[in-house]
Amino acid sequence: MATMHPALTVNNIRTFISLTLDLENGEYTSWVELFTIHCTVFEVLDHIFPKADSSSSSSTADKDKQKDKDHAPLASWTRLDAVVKQWIYGTVSRNLLMTVIKPKATAKETWDAIAHLFQDNQASRAIALKTRFANTKLESFPNISTYCQELKVISDQLANVEAPVSDADLVLQLISGLTHTEYDAIG
């Protein structure tokens, strides 16, 4: 009796990965971590990080035997690959989806396209985030808690593009962005 693959039991990817990856939000590293954990749990990680092909040293006869043996699992592999692509598509923004969606692409090809979008422009993203960090002021937020949270989010995004903010710089930015009237004593 054939058993159902665990990945086929996932009805709603948003239950497991609630954030939406977008080119603007800078949550790529977090999205990758959540996605790879999910793929590991549901036994499909090899669809985005394929294992090395060990059949390269096999003889032609062995490969032909393996092809016959693997014919039935190929349909299963194709179905699982489609499931992983659905998960990717279901966790990215519409704009990002329209950028990476390609007919007949594998989950790995889609994964790589997203990685290239986020990793190829790290320097420009770092510059934009540093500017946003330097220009973040308390007066733009309803309270100090929201202001501090925003500084932390930008700091985390900078770390994700390999431009981390030191704790000292984070504190200095927090203090320099305070409104002068309410927080003169702290400044």
# chains A, B, ... in the order shown; residues from 1 in each chain; ligands from 1
>>> residues_around(residues="His5 (chain A)", least_positions_apart="6", cutoff="12 Å", atoms="only C-alpha atoms", output="MDAnalysis selection string")
chainID A and resid 41:44 73 76:77 79:80 83
>>> select_by_dssp(residues="region 144-182 of chain A", states="helix (DSSP H, G or I)", output="number ranges by chain")
A: 144-160, 167-176
>>> residues_around(residues="region 84-95 of chain A", least_positions_apart="5", cutoff="8 Å", atoms="only C-alpha atoms", output="tab-separated table (two decimals) with C-alpha atoms, in the first residue's frame")
chain	number	residue	atom	x	y	z
A	13	ILE	CA	1.22	27.32	3.23
A	14	ARG	CA	0.29	30.57	5.05
A	17	ILE	CA	4.91	30.74	6.62
A	18	SER	CA	2.88	33.81	7.49
A	19	LEU	CA	5.16	36.49	6.03
A	20	THR	CA	5.00	37.60	2.42
A	21	LEU	CA	8.34	38.04	0.70
A	22	ASP	CA	8.56	41.31	-1.21
A	39	CYS	CA	10.71	21.99	3.37
A	44	VAL	CA	11.12	18.17	0.11
A	47	HIS	CA	13.64	20.30	-4.45
A	106	THR	CA	11.36	23.72	-11.47
A	107	ALA	CA	11.11	24.72	-7.83
A	110	THR	CA	12.28	29.49	-9.12
A	111	TRP	CA	14.18	29.44	-5.81
>>> closest_residue(among="A:Gln157, A:Asp81, A:Gln119, A:Lys130", to="Asp169 (chain A)", atoms="only C-alpha atoms")
A:Lys130
>>> residues_around(residues="Ala113 (chain A)", least_positions_apart="6", cutoff="10 Å", atoms="only C-alpha atoms", output="PyMOL selection string")
chain A and resi 99-102+107
>>> residues_around(residues="region 172-176 of chain A", least_positions_apart="2", cutoff="9 Å", atoms="only C-alpha atoms", output="ChimeraX atom specification")
/A:133-138,147-148,151,167-170,178-179,183,186-187
>>> atom_distance(atom1="CA of Ala75 (chain A)", atom2="CA of Val32 (chain A)")
26.7 Å
>>> atom_distance(atom1="CA of Pro103 (chain A)", atom2="CA of Ala82 (chain A)")
11.6 Å
>>> closest_residue(among="A:Arg125, A:Trp31, A:Ala7, A:Lys108", to="Lys51 (chain A)", atoms="only C-alpha atoms")
A:Lys108
>>> atom_distance(atom1="CA of Ala126 (chain A)", atom2="CA of Glu33 (chain A)")
20.1 Å
>>> residues_around(residues="Leu129 (chain A)", least_positions_apart="2", cutoff="12 Å", atoms="only C-alpha atoms", output="ChimeraX atom specification")
/A:24-26,122-127,131-136,150-165
